[in-house]
$ cat model_30.pdb   # PDB, C-alpha atoms and all ligand atoms
ATOM      1  CA  MET J   1     -25.326  -6.221 -24.626
ATOM      2  CA  SER J   2     -22.383  -8.551 -25.178
ATOM      3  CA  THR J   3     -22.182 -11.526 -22.871
ATOM      4  CA  LEU J   4     -20.357 -10.889 -19.637
ATOM      5  CA  ALA J   5     -18.104 -13.478 -17.964
ATOM      6  CA  ILE J   6     -20.547 -14.113 -15.122
ATOM      7  CA  SER J   7     -24.273 -13.886 -14.434
ATOM      8  CA  PHE J   8     -26.178 -13.571 -11.181
ATOM      9  CA  GLU J   9     -26.931 -17.326 -11.413
ATOM     10  CA  ASP J  10     -23.175 -17.986 -11.203
ATOM     11  CA  ILE J  11     -23.069 -15.966  -7.979
ATOM     12  CA  GLN J  12     -26.053 -17.851  -6.560
ATOM     13  CA  ARG J  13     -24.321 -21.150  -7.346
ATOM     14  CA  ALA J  14     -21.062 -19.891  -5.823
ATOM     15  CA  HIS J  15     -22.965 -18.933  -2.697
ATOM     16  CA  GLU J  16     -24.374 -22.469  -2.380
ATOM     17  CA  THR J  17     -20.822 -23.811  -2.777
ATOM     18  CA  ILE J  18     -19.167 -21.631  -0.144
ATOM     19  CA  ARG J  19     -22.084 -21.197   2.254
ATOM     20  CA  THR J  20     -21.121 -23.887   4.749
ATOM     21  CA  VAL J  21     -17.411 -22.997   4.874
ATOM     22  CA  ALA J  22     -17.140 -19.206   4.472
ATOM     23  CA  HIS J  23     -18.246 -16.875   7.254
ATOM     24  CA  ARG J  24     -21.333 -14.803   6.632
ATOM     25  CA  THR J  25     -19.506 -11.689   7.796
ATOM     26  CA  PRO J  26     -21.379  -9.021   9.752
ATOM     27  CA  VAL J  27     -22.786  -5.801   8.308
ATOM     28  CA  LEU J  28     -21.820  -3.173  10.895
ATOM     29  CA  ARG J  29     -23.146   0.346  11.446
ATOM     30  CA  SER J  30     -21.441   3.371  12.997
ATOM     31  CA  SER J  31     -23.568   6.242  14.249
ATOM     32  CA  THR J  32     -20.442   8.412  14.337
ATOM     33  CA  ALA J  33     -19.754   7.734  10.660
ATOM     34  CA  ASP J  34     -23.425   8.310   9.832
ATOM     35  CA  SER J  35     -23.463  11.683  11.549
ATOM     36  CA  MET J  36     -20.112  12.699  10.024
ATOM     37  CA  THR J  37     -21.419  11.998   6.515
ATOM     38  CA  GLY J  38     -25.173  12.531   6.789
ATOM     39  CA  ALA J  39     -25.633   9.109   5.171
ATOM     40  CA  GLN J  40     -26.630   5.643   6.364
ATOM     41  CA  LEU J  41     -23.511   3.504   6.011
ATOM     42  CA  PHE J  42     -23.494  -0.301   5.933
ATOM     43  CA  PHE J  43     -20.021  -1.791   6.428
ATOM     44  CA  LYS J  44     -19.670  -5.312   4.982
ATOM     45  CA  CYS J  45     -16.792  -6.566   7.101
ATOM     46  CA  GLU J  46     -14.722  -9.022   5.098
ATOM     47  CA  ASN J  47     -11.826  -8.264   7.410
ATOM     48  CA  PHE J  48     -13.637 -10.855   9.569
ATOM     49  CA  GLN J  49     -13.698 -13.443   6.747
ATOM     50  CA  ARG J  50     -11.652 -16.648   7.094
ATOM     51  CA  MET J  51      -7.949 -15.898   6.463
ATOM     52  CA  GLY J  52      -8.800 -12.246   6.888
ATOM     53  CA  ALA J  53     -10.129 -11.197   3.485
ATOM     54  CA  PHE J  54     -12.851 -11.836   0.891
ATOM     55  CA  LYS J  55     -10.324 -13.724  -1.279
ATOM     56  CA  PHE J  56     -11.346 -16.954   0.471
ATOM     57  CA  ARG J  57     -14.732 -16.765  -1.296
ATOM     58  CA  GLY J  58     -13.407 -16.879  -4.845
ATOM     59  CA  ALA J  59     -10.590 -19.278  -4.037
ATOM     60  CA  TYR J  60     -12.923 -21.849  -2.489
ATOM     61  CA  ASN J  61     -15.453 -21.502  -5.303
ATOM     62  CA  ALA J  62     -12.722 -22.037  -7.920
ATOM     63  CA  ILE J  63     -11.108 -25.096  -6.338
ATOM     64  CA  ALA J  64     -14.480 -26.678  -5.509
ATOM     65  CA  SER J  65     -15.185 -26.739  -9.266
ATOM     66  CA  PHE J  66     -12.178 -29.000 -10.009
ATOM     67  CA  SER J  67     -12.618 -32.432 -11.591
ATOM     68  CA  PRO J  68     -11.226 -35.434  -9.639
ATOM     69  CA  ALA J  69      -8.105 -35.405 -11.867
ATOM     70  CA  GLN J  70      -7.547 -31.701 -11.241
ATOM     71  CA  ARG J  71      -7.933 -32.249  -7.513
ATOM     72  CA  ARG J  72      -5.268 -34.949  -7.531
ATOM     73  CA  ALA J  73      -2.804 -32.865  -9.549
ATOM     74  CA  GLY J  74      -3.321 -29.792  -7.379
ATOM     75  CA  VAL J  75      -3.610 -26.048  -7.678
ATOM     76  CA  VAL J  76      -0.956 -23.395  -8.318
ATOM     77  CA  ALA J  77      -1.186 -19.648  -7.738
ATOM     78  CA  PHE J  78       1.209 -16.708  -7.743
ATOM     79  CA  SER J  79       0.708 -13.989  -5.152
ATOM     80  CA  SER J  80       2.450 -12.480  -2.187
ATOM     81  CA  GLY J  81      -0.797 -11.434  -0.595
ATOM     82  CA  ASN J  82      -4.300 -12.483   0.290
ATOM     83  CA  HIS J  83      -4.956 -14.550  -2.853
ATOM     84  CA  ALA J  84      -2.138 -16.915  -1.837
ATOM     85  CA  GLN J  85      -3.593 -17.400   1.615
ATOM     86  CA  GLY J  86      -7.112 -17.812   0.248
ATOM     87  CA  ILE J  87      -5.977 -20.505  -2.191
ATOM     88  CA  ALA J  88      -3.874 -22.233   0.465
ATOM     89  CA  LEU J  89      -6.728 -22.393   2.976
ATOM     90  CA  ALA J  90      -9.381 -23.408   0.433
ATOM     91  CA  ALA J  91      -7.079 -26.106  -0.956
ATOM     92  CA  ARG J  92      -6.464 -27.518   2.505
ATOM     93  CA  LEU J  93     -10.204 -27.652   3.257
ATOM     94  CA  LEU J  94     -10.858 -29.393  -0.076
ATOM     95  CA  GLU J  95      -7.830 -31.690   0.379
ATOM     96  CA  VAL J  96      -6.172 -30.487  -2.814
ATOM     97  CA  PRO J  97      -2.376 -29.992  -2.844
ATOM     98  CA  ALA J  98      -1.438 -26.318  -3.337
ATOM     99  CA  THR J  99       1.738 -24.681  -4.605
ATOM    100  CA  ILE J 100       2.177 -20.930  -4.252
ATOM    101  CA  VAL J 101       4.814 -18.953  -6.145
ATOM    102  CA  MET J 102       6.073 -16.144  -3.886
ATOM    103  CA  PRO J 103       9.059 -13.776  -4.047
ATOM    104  CA  TYR J 104      12.135 -14.422  -1.840
ATOM    105  CA  ASP J 105      11.526 -11.060  -0.181
ATOM    106  CA  ALA J 106       7.826 -11.612   0.613
ATOM    107  CA  PRO J 107       6.979 -10.568   4.197
ATOM    108  CA  LYS J 108       7.908 -13.382   6.560
ATOM    109  CA  ALA J 109       4.434 -13.327   8.139
ATOM    110  CA  LYS J 110       2.827 -13.953   4.751
ATOM    111  CA  LEU J 111       5.215 -16.818   3.942
ATOM    112  CA  GLU J 112       4.542 -18.357   7.343
ATOM    113  CA  ALA J 113       0.776 -17.961   7.059
ATOM    114  CA  THR J 114       0.724 -19.544   3.600
ATOM    115  CA  ARG J 115       2.958 -22.414   4.743
ATOM    116  CA  GLY J 116       0.817 -22.726   7.877
ATOM    117  CA  TYR J 117      -2.199 -23.501   5.698
ATOM    118  CA  GLY J 118      -0.217 -26.426   4.286
ATOM    119  CA  ALA J 119       0.784 -25.016   0.896
ATOM    120  CA  GLN J 120       4.124 -25.721  -0.735
ATOM    121  CA  ILE J 121       5.975 -22.506  -1.530
ATOM    122  CA  VAL J 122       8.167 -21.998  -4.588
ATOM    123  CA  GLN J 123      10.247 -18.844  -4.272
ATOM    124  CA  TYR J 124      11.604 -16.631  -7.031
ATOM    125  CA  ASP J 125      13.639 -13.475  -7.496
ATOM    126  CA  ARG J 126      11.201 -10.757  -8.369
ATOM    127  CA  TYR J 127      13.857  -8.612 -10.033
ATOM    128  CA  THR J 128      15.068 -11.252 -12.498
ATOM    129  CA  GLU J 129      12.305 -13.850 -12.802
ATOM    130  CA  ASP J 130       8.725 -13.771 -14.068
ATOM    131  CA  ARG J 131       6.326 -15.312 -11.552
ATOM    132  CA  GLU J 132       3.643 -15.918 -14.123
ATOM    133  CA  ARG J 133       6.031 -17.941 -16.265
ATOM    134  CA  ILE J 134       7.137 -19.988 -13.239
ATOM    135  CA  ALA J 135       3.543 -20.735 -12.253
ATOM    136  CA  GLN J 136       2.663 -21.571 -15.858
ATOM    137  CA  ALA J 137       5.622 -23.962 -16.076
ATOM    138  CA  LEU J 138       4.509 -25.734 -12.890
ATOM    139  CA  ALA J 139       1.023 -26.018 -14.314
ATOM    140  CA  THR J 140       2.296 -27.505 -17.585
ATOM    141  CA  GLU J 141       4.919 -29.838 -16.081
ATOM    142  CA  ARG J 142       2.846 -31.187 -13.220
ATOM    143  CA  GLY J 143      -0.653 -30.880 -14.649
ATOM    144  CA  MET J 144      -1.634 -28.423 -11.922
ATOM    145  CA  THR J 145      -4.446 -25.930 -12.433
ATOM    146  CA  LEU J 146      -3.414 -22.274 -12.288
ATOM    147  CA  ILE J 147      -5.879 -19.947 -10.574
ATOM    148  CA  PRO J 148      -5.343 -16.252 -11.296
ATOM    149  CA  PRO J 149      -6.128 -13.694  -8.582
ATOM    150  CA  TYR J 150      -8.973 -11.887 -10.335
ATOM    151  CA  ASP J 151      -9.397 -12.559 -14.043
ATOM    152  CA  ASP J 152     -11.352 -15.789 -13.726
ATOM    153  CA  ALA J 153     -15.119 -16.363 -13.821
ATOM    154  CA  ARG J 154     -15.106 -18.667 -10.750
ATOM    155  CA  ILE J 155     -13.133 -16.105  -8.762
ATOM    156  CA  MET J 156     -15.411 -13.233  -9.826
ATOM    157  CA  ALA J 157     -18.564 -15.200  -8.954
ATOM    158  CA  GLY J 158     -17.159 -16.151  -5.551
ATOM    159  CA  GLN J 159     -16.243 -12.546  -4.707
ATOM    160  CA  GLY J 160     -19.734 -11.403  -5.748
ATOM    161  CA  THR J 161     -21.257 -13.376  -2.882
ATOM    162  CA  ALA J 162     -20.023 -10.638  -0.509
ATOM    163  CA  ALA J 163     -22.368  -8.043  -2.065
ATOM    164  CA  LYS J 164     -25.182 -10.606  -2.252
ATOM    165  CA  GLU J 165     -24.976 -11.085   1.519
ATOM    166  CA  LEU J 166     -24.646  -7.344   2.127
ATOM    167  CA  ILE J 167     -27.864  -6.515   0.256
ATOM    168  CA  GLU J 168     -29.731  -9.497   1.714
ATOM    169  CA  ASP J 169     -28.823  -8.257   5.190
ATOM    170  CA  ALA J 170     -28.983  -4.460   4.751
ATOM    171  CA  GLY J 171     -31.801  -4.192   2.205
ATOM    172  CA  PRO J 172     -31.718  -2.188  -1.028
ATOM    173  CA  LEU J 173     -28.953   0.428  -1.327
ATOM    174  CA  ASP J 174     -28.612   3.726  -3.171
ATOM    175  CA  LEU J 175     -24.873   3.404  -3.644
ATOM    176  CA  LEU J 176     -22.208   0.706  -3.258
ATOM    177  CA  LEU J 177     -18.529   1.609  -2.862
ATOM    178  CA  VAL J 178     -16.042  -1.197  -3.562
ATOM    179  CA  CYS J 179     -12.242  -1.211  -3.447
ATOM    180  CA  LEU J 180     -10.550  -2.022  -6.725
ATOM    181  CA  GLY J 181      -7.365  -3.878  -7.634
ATOM    182  CA  GLY J 182      -7.762  -6.132 -10.660
ATOM    183  CA  GLY J 183     -11.534  -5.988 -10.429
ATOM    184  CA  GLY J 184     -12.539  -9.475  -9.270
ATOM    185  CA  LEU J 185     -14.359  -8.084  -6.258
ATOM    186  CA  LEU J 186     -15.887  -5.076  -8.037
ATOM    187  CA  SER J 187     -17.130  -7.056 -11.047
ATOM    188  CA  GLY J 188     -18.669  -9.820  -8.921
ATOM    189  CA  CYS J 189     -20.270  -7.343  -6.539
ATOM    190  CA  ALA J 190     -21.603  -5.285  -9.452
ATOM    191  CA  VAL J 191     -23.400  -8.287 -10.954
ATOM    192  CA  ALA J 192     -24.919  -9.256  -7.586
ATOM    193  CA  THR J 193     -25.989  -5.680  -6.884
ATOM    194  CA  ARG J 194     -27.579  -5.114 -10.273
ATOM    195  CA  ALA J 195     -29.730  -8.224  -9.661
ATOM    196  CA  LEU J 196     -30.693  -7.584  -6.034
ATOM    197  CA  SER J 197     -30.867  -3.790  -5.834
ATOM    198  CA  PRO J 198     -31.305  -2.672  -9.455
ATOM    199  CA  ALA J 199     -31.399   1.070  -8.773
ATOM    200  CA  CYS J 200     -28.156   1.016  -6.755
ATOM    201  CA  ARG J 201     -25.255   2.964  -8.270
ATOM    202  CA  ILE J 202     -21.912   1.154  -8.116
ATOM    203  CA  ILE J 203     -18.593   2.990  -7.793
ATOM    204  CA  GLY J 204     -15.060   1.561  -7.518
ATOM    205  CA  VAL J 205     -12.362   3.097  -5.306
ATOM    206  CA  GLU J 206      -8.628   2.985  -6.081
ATOM    207  CA  PRO J 207      -5.496   4.442  -4.517
ATOM    208  CA  GLU J 208      -4.669   7.764  -6.149
ATOM    209  CA  ALA J 209      -1.185   6.561  -7.105
ATOM    210  CA  GLY J 210      -2.615   3.574  -8.983
ATOM    211  CA  ASN J 211      -5.642   4.891 -10.871
ATOM    212  CA  ASP J 212      -5.360   2.555 -13.866
ATOM    213  CA  GLY J 213      -8.966   1.439 -13.392
ATOM    214  CA  GLN J 214     -10.217   5.007 -13.479
ATOM    215  CA  LEU J 215      -8.174   5.726 -16.614
ATOM    216  CA  SER J 216      -9.441   2.519 -18.202
ATOM    217  CA  LEU J 217     -13.115   3.159 -17.491
ATOM    218  CA  ARG J 218     -12.901   6.756 -18.677
ATOM    219  CA  SER J 219     -10.923   5.939 -21.854
ATOM    220  CA  GLY J 220     -12.787   2.763 -22.783
ATOM    221  CA  SER J 221      -9.796   0.401 -22.946
ATOM    222  CA  ILE J 222      -7.563  -1.329 -20.373
ATOM    223  CA  VAL J 223      -4.720   0.973 -19.296
ATOM    224  CA  HIS J 224      -1.465  -0.577 -17.977
ATOM    225  CA  ILE J 225       0.650   1.252 -15.387
ATOM    226  CA  ASP J 226       3.874   0.523 -13.455
ATOM    227  CA  THR J 227       3.422  -0.991  -9.988
ATOM    228  CA  PRO J 228       2.074   1.984  -8.034
ATOM    229  CA  ALA J 229       3.686   3.267  -4.840
ATOM    230  CA  THR J 230       0.870   3.097  -2.274
ATOM    231  CA  ILE J 231       0.293   1.564   1.144
ATOM    232  CA  ALA J 232      -2.751  -0.208  -0.375
ATOM    233  CA  ASP J 233      -0.769  -3.328  -1.311
ATOM    234  CA  GLY J 234      -3.885  -5.268  -2.345
ATOM    235  CA  ALA J 235      -4.543  -2.683  -5.051
ATOM    236  CA  GLN J 236      -1.038  -2.525  -6.527
ATOM    237  CA  THR J 237      -2.259  -4.241  -9.661
ATOM    238  CA  GLN J 238      -1.027  -2.850 -12.973
ATOM    239  CA  HIS J 239      -4.175  -3.357 -15.001
ATOM    240  CA  LEU J 240      -7.763  -4.623 -14.943
ATOM    241  CA  GLY J 241      -8.567  -8.049 -16.363
ATOM    242  CA  LYS J 242      -9.901  -9.047 -19.780
ATOM    243  CA  LEU J 243     -12.932 -10.569 -18.025
ATOM    244  CA  THR J 244     -13.395  -8.034 -15.241
ATOM    245  CA  PHE J 245     -13.161  -4.907 -17.391
ATOM    246  CA  PRO J 246     -16.245  -5.542 -19.587
ATOM    247  CA  VAL J 247     -18.345  -6.165 -16.461
ATOM    248  CA  ILE J 248     -17.061  -2.949 -14.908
ATOM    249  CA  GLN J 249     -17.750  -1.050 -18.138
ATOM    250  CA  ALA J 250     -21.304  -2.393 -18.252
ATOM    251  CA  LEU J 251     -22.300  -1.889 -14.614
ATOM    252  CA  VAL J 252     -19.999   0.535 -12.810
ATOM    253  CA  GLU J 253     -20.803   4.242 -12.949
ATOM    254  CA  ASP J 254     -17.375   5.599 -12.059
ATOM    255  CA  ILE J 255     -14.061   4.887 -10.358
ATOM    256  CA  VAL J 256     -12.758   7.406  -7.833
ATOM    257  CA  THR J 257      -9.491   7.639  -5.892
ATOM    258  CA  VAL J 258      -8.299   8.329  -2.345
ATOM    259  CA  THR J 259      -4.833   9.234  -1.061
ATOM    260  CA  ASP J 260      -2.667   7.187   1.297
ATOM    261  CA  ALA J 261      -3.182   9.880   3.968
ATOM    262  CA  GLN J 262      -6.951   9.422   3.654
ATOM    263  CA  LEU J 263      -6.475   5.643   3.957
ATOM    264  CA  ILE J 264      -4.478   6.069   7.158
ATOM    265  CA  ARG J 265      -7.192   8.268   8.680
ATOM    266  CA  ALA J 266      -9.814   5.670   7.701
ATOM    267  CA  MET J 267      -7.726   2.900   9.344
ATOM    268  CA  ALA J 268      -7.546   4.978  12.528
ATOM    269  CA  PHE J 269     -11.299   5.648  12.380
ATOM    270  CA  ALA J 270     -12.138   1.936  11.958
ATOM    271  CA  ALA J 271      -9.838   1.028  14.858
ATOM    272  CA  SER J 272     -10.823   3.713  17.327
ATOM    273  CA  ARG J 273     -14.546   4.065  16.564
ATOM    274  CA  MET J 274     -15.496   0.619  15.314
ATOM    275  CA  LYS J 275     -12.867  -1.422  17.199
ATOM    276  CA  MET J 276     -11.673  -3.200  14.103
ATOM    277  CA  LEU J 277      -8.388  -3.771  12.331
ATOM    278  CA  VAL J 278      -8.604  -3.048   8.606
ATOM    279  CA  GLU J 279      -5.647  -3.226   6.217
ATOM    280  CA  PRO J 280      -4.935  -0.181   4.025
ATOM    281  CA  THR J 281      -6.581  -1.644   0.890
ATOM    282  CA  GLY J 282      -9.563  -2.642   2.997
ATOM    283  CA  CYS J 283     -10.118   1.040   3.831
ATOM    284  CA  LEU J 284     -10.516   2.349   0.273
ATOM    285  CA  ALA J 285     -14.330   2.458   0.388
ATOM    286  CA  ILE J 286     -14.424   3.781   3.961
ATOM    287  CA  ALA J 287     -12.009   6.574   3.025
ATOM    288  CA  ALA J 288     -14.077   7.522  -0.027
ATOM    289  CA  ALA J 289     -17.197   7.766   2.157
ATOM    290  CA  LEU J 290     -15.645   9.671   5.068
ATOM    291  CA  ASN J 291     -14.070  12.179   2.686
ATOM    292  CA  GLN J 292     -17.212  12.486   0.546
ATOM    293  CA  VAL J 293     -15.120  11.789  -2.550
ATOM    294  CA  VAL J 294     -18.547  10.847  -3.887
ATOM    295  CA  PRO J 295     -21.466  12.892  -2.479
ATOM    296  CA  ILE J 296     -23.382  10.535  -0.182
ATOM    297  CA  LYS J 297     -25.526  12.775   2.015
ATOM    298  CA  GLY J 298     -28.996  11.292   2.537
ATOM    299  CA  LEU J 299     -28.113   7.988   0.848
ATOM    300  CA  ARG J 300     -28.066   4.367   1.978
ATOM    301  CA  VAL J 301     -24.497   3.387   1.181
ATOM    302  CA  GLY J 302     -22.857  -0.040   1.244
ATOM    303  CA  LEU J 303     -19.111  -0.086   1.945
ATOM    304  CA  LEU J 304     -17.147  -3.206   1.070
ATOM    305  CA  VAL J 305     -14.443  -3.539   3.747
ATOM    306  CA  SER J 306     -12.216  -6.068   2.001
ATOM    307  CA  GLY J 307      -9.594  -7.304   4.449
ATOM    308  CA  GLY J 308      -7.754  -6.996   7.743
ATOM    309  CA  ASN J 309      -4.340  -8.537   7.159
ATOM    310  CA  ILE J 310      -1.686  -6.158   8.415
ATOM    311  CA  ASP J 311       0.842  -6.814  11.133
ATOM    312  CA  LEU J 312       0.495  -4.769  14.273
ATOM    313  CA  ALA J 313       3.901  -3.100  14.085
ATOM    314  CA  ARG J 314       3.114  -1.824  10.585
ATOM    315  CA  PHE J 315      -0.367  -0.732  11.660
ATOM    316  CA  ALA J 316       1.035   1.193  14.631
ATOM    317  CA  GLN J 317       3.692   2.820  12.461
ATOM    318  CA  LEU J 318       1.076   4.013   9.973
ATOM    319  CA  VAL J 319      -1.507   5.374  12.409
ATOM    320  CA  GLN J 320       0.744   6.771  15.148
ATOM    321  CA  GLY J 321       1.368  10.115  13.479
ATOM    322  CA  ASP J 322      -2.327  10.631  13.041
TER
HETATM  323  C1  LIG C   1      -7.205  -8.521  -3.519
HETATM  324  C2  LIG C   1      -7.685  -7.463  -2.631
HETATM  325  C3  LIG C   1      -8.358  -6.331  -3.137
HETATM  326  C4  LIG C   1      -8.570  -6.090  -4.608
HETATM  327  O1  LIG C   1      -9.391  -7.080  -5.185
HETATM  328  P1  LIG C   1      -9.497  -7.256  -6.767
HETATM  329  O2  LIG C   1     -10.428  -8.382  -6.956
HETATM  330  O3  LIG C   1      -8.110  -7.543  -7.273
HETATM  331  O4  LIG C   1      -9.981  -5.971  -7.314
HETATM  332  C5  LIG C   1      -8.848  -5.408  -2.229
HETATM  333  N1  LIG C   1      -8.667  -5.550  -0.896
HETATM  334  C6  LIG C   1      -8.015  -6.611  -0.381
HETATM  335  C7  LIG C   1      -7.864  -6.706   1.087
HETATM  336  C8  LIG C   1      -7.521  -7.607  -1.222
HETATM  337  O5  LIG C   1      -6.875  -8.666  -0.707
END
$ encode --input "model_30.pdb" --output "structure tokens"
Amino acid sequence: MSTLAISFEDIQRAHETIRTVAHRTPVLRSSTADSMTGAQLFFKCENFQRMGAFKFRGAYNAIASFSPAQRRAGVVAFSSGNHAQGIALAARLLEVPATIVMPYDAPKAKLEATRGYGAQIVQYDRYTEDRERIAQALATERGMTLIPPYDDARIMAGQGTAAKELIEDAGPLDLLLVCLGGGGLLSGCAVATRALSPACRIIGVEPEAGNDGQLSLRSGSIVHIDTPATIADGAQTQHLGKLTFPVIQALVEDIVTVTDAQLIRAMAFAASRMKMLVEPTGCLAIAAALNQVVPIKGLRVGLLVSGGNIDLARFAQLVQGD
């Protein structure tokens, strides 16, 4: 087998690094969900992670690896979502200056949250400017270190600590369902799972409108798509990463999809039955389980619930028709 970007040892080291600062999020059960599906479901609730999503794990692990010179020069990231907030919070805790490149029309709440964590924000016009080029220029001109949202070994190892905790707490699993954007979370969790629960099958879950990961895994090479129209904004990535894809190819059995309507029903289920707020992307695995997109009857199934950042007005608007 060719060498993959990360090993289980990298995840163990990442876990040592983040252990004292990241929350060990709870693994919740729902007897209603179990009886609806005939399975035993274990919900790993990263919606309760610091800043509201698993992204804090990878971000902290990446910045903690900086040399003293890198720490002084600072970190730069481009994102309008949870990666930006994860980097901003981790940078503040590690006393590293952070600059985040965000579009002018980013949701005000996200701009405020990122600024609230002490990051400097550089705005750009997403219709005429290329955010990657802007971030790259900042990195070159100011000596800052650019941290990509998923295609980075330190990020992947950090995200994998979520599955490590899940299996340590729940015991061996038959199946793990993980939401998929660029594959940082899925690749990290796959490596941790293969080491700790070797017989466990691992399946990624994408929004139906953005099934580039499914197309990539089935065709054997990375497929690029236009930004998909889906409420799962954390999975609106256009392609898997050069580092994440080989890990997914090696360890992930399949990638399945769910519709936005199924996501909305899963959000309503999590809120009304489990009393928790989960953002649309965070519901991908729950929706796949509740709809038996993969047969799960009789199995012990881990569900990675990835995040809970959605404003209440938007949440109400989505679930009210349901
Ligand atoms: C980023 C994100 C994802 C997707 O993670 P990848 O590592 O890009 O696959 C899923 N859910 C939430 C809440 C996210 O913020």
$ closest_atom_pairs --input "model_30.pdb" --of "stretch 140-257 of chain J" --to "stretch 70-85 of chain J" --cutoff "9 Å" --atoms "only C-alpha atoms" --output "CSV"
residue,atom,partner,partner_atom,distance
J:Arg142,CA,J:Ala73,CA,6.9
J:Gly143,CA,J:Ala73,CA,5.9
J:Met144,CA,J:Gly74,CA,5.0
J:Thr145,CA,J:Val75,CA,4.8
J:Leu146,CA,J:Val76,CA,4.8
J:Ile147,CA,J:Ala77,CA,5.5
J:Pro148,CA,J:Ala77,CA,6.4
J:Pro149,CA,J:His83,CA,5.9
J:Tyr150,CA,J:His83,CA,8.9
J:Asp233,CA,J:Gly81,CA,8.1
J:Gly234,CA,J:Gly81,CA,7.1
$ residues_near_point --input "model_30.pdb" --point "(-27.6, 3.6, 3.7)" --cutoff "7 Å" --atoms "all atoms listed in the file" --output "PyMOL selection string"
chain J and resi 39-42+173-174+299-302
$ residues_near_ligand --input "model_30.pdb" --ligand "ligand LIG 1 (chain C)" --cutoff "7 Å" --atoms "all atoms listed in the file" --output "number ranges by chain"
J: 53-55, 81-83, 149-150, 179-186, 234-235, 279, 281-282, 306-308
$ write_last_selection --input "model_30.pdb" --atoms "C-alpha atoms" --output "PDB file, in the frame of the given file"
ATOM      1  CA  ALA J  53     -10.129 -11.197   3.485  1.00  0.00           C
ATOM      2  CA  PHE J  54     -12.851 -11.836   0.891  1.00  0.00           C
ATOM      3  CA  LYS J  55     -10.324 -13.724  -1.279  1.00  0.00           C
ATOM      4  CA  GLY J  81      -0.797 -11.434  -0.595  1.00  0.00           C
ATOM      5  CA  ASN J  82      -4.300 -12.483   0.290  1.00  0.00           C
ATOM      6  CA  HIS J  83      -4.956 -14.550  -2.853  1.00  0.00           C
ATOM      7  CA  PRO J 149      -6.128 -13.694  -8.582  1.00  0.00           C
ATOM      8  CA  TYR J 150      -8.973 -11.887 -10.335  1.00  0.00           C
ATOM      9  CA  CYS J 179     -12.242  -1.211  -3.447  1.00  0.00           C
ATOM     10  CA  LEU J 180     -10.550  -2.022  -6.725  1.00  0.00           C
ATOM     11  CA  GLY J 181      -7.365  -3.878  -7.634  1.00  0.00           C
ATOM     12  CA  GLY J 182      -7.762  -6.132 -10.660  1.00  0.00           C
ATOM     13  CA  GLY J 183     -11.534  -5.988 -10.429  1.00  0.00           C
ATOM     14  CA  GLY J 184     -12.539  -9.475  -9.270  1.00  0.00           C
ATOM     15  CA  LEU J 185     -14.359  -8.084  -6.258  1.00  0.00           C
ATOM     16  CA  LEU J 186     -15.887  -5.076  -8.037  1.00  0.00           C
ATOM     17  CA  GLY J 234      -3.885  -5.268  -2.345  1.00  0.00           C
ATOM     18  CA  ALA J 235      -4.543  -2.683  -5.051  1.00  0.00           C
ATOM     19  CA  GLU J 279      -5.647  -3.226   6.217  1.00  0.00           C
ATOM     20  CA  THR J 281      -6.581  -1.644   0.890  1.00  0.00           C
ATOM     21  CA  GLY J 282      -9.563  -2.642   2.997  1.00  0.00           C
ATOM     22  CA  SER J 306     -12.216  -6.068   2.001  1.00  0.00           C
ATOM     23  CA  GLY J 307      -9.594  -7.304   4.449  1.00  0.00           C
ATOM     24  CA  GLY J 308      -7.754  -6.996   7.743  1.00  0.00           C
TER      25      GLY J 308
END
$ closest_residue --input "model_30.pdb" --among "J:Ser197, J:Thr161, J:Ser31, J:Gln292" --to "J:Arg19" --atoms "only C-alpha atoms"
J:Thr161
$ residues_around --input "model_30.pdb" --residues "J:Thr17" --least-positions-apart "5" --cutoff "9 Å" --atoms "only C-alpha atoms" --output "PyMOL selection string"
chain J and resi 12+60-61+64+158
$ closest_residue --input "model_30.pdb" --among "J:Arg29, J:Arg13, J:Arg92, J:Arg133" --to "J:Ile63" --atoms "only C-alpha atoms"
J:Arg92
$ closest_residue --input "model_30.pdb" --among "J:Pro246, J:Gly298, J:Leu240, J:Ala22" --to "J:Leu175" --atoms "all atoms listed in the file"
J:Gly298
$ atom_distance --input "model_30.pdb" --atom1 "atom CA of J:Asp125" --atom2 "atom CA of J:Ala137"
15.7 Å
$ atom_distance --input "model_30.pdb" --atom1 "atom CA of J:Gly116" --atom2 "atom CA of J:Ile87"
12.3 Å
$ resolve_selection --input "model_30.pdb" --expression "the PyMOL selection byres (((chain J and resi 191) around 10) and not hetatm)" --output "ChimeraX atom specification"
/J:4,6-11,156-157,160-161,163-164,186-190,192-196,198,202,247-248,250-252
$ resolve_selection --input "model_30.pdb" --expression "the PyMOL selection byres (((chain J and resi 151) around 6) and not hetatm)" --output "list in words"
Tyr150, Asp152, Gly241 and Leu243 of chain J
$ atom_distance --input "model_30.pdb" --atom1 "atom CA of J:Thr99" --atom2 "atom CA of J:Val21"
21.4 Å
$ resolve_selection --input "model_30.pdb" --expression "the PyMOL selection byres (((chain J and resi 311) around 12) and not hetatm)" --output "list in words"
Gly52, Pro107, Lys108, Ala109, Lys110, Ala113, Leu277, Val278, Glu279, Pro280, Gly308, Asn309, Ile310, Leu312, Ala313, Arg314, Phe315, Ala316, Gln317 and Leu318 of chain J
$ closest_residue --input "model_30.pdb" --among "J:Ile225, J:Leu176, J:Val101, J:Ala90" --to "J:Tyr117" --atoms "all atoms listed in the file"
J:Ala90
$ closest_residue --input "model_30.pdb" --among "J:Ala162, J:Glu112, J:Pro103, J:Ile222" --to "J:His23" --atoms "all atoms listed in the file"
J:Ala162
$ residues_around --input "model_30.pdb" --residues "J:Tyr127" --least-positions-apart "2" --cutoff "12 Å" --atoms "only C-alpha atoms" --output "PyMOL selection string"
chain J and resi 103-105+124-125+129-131
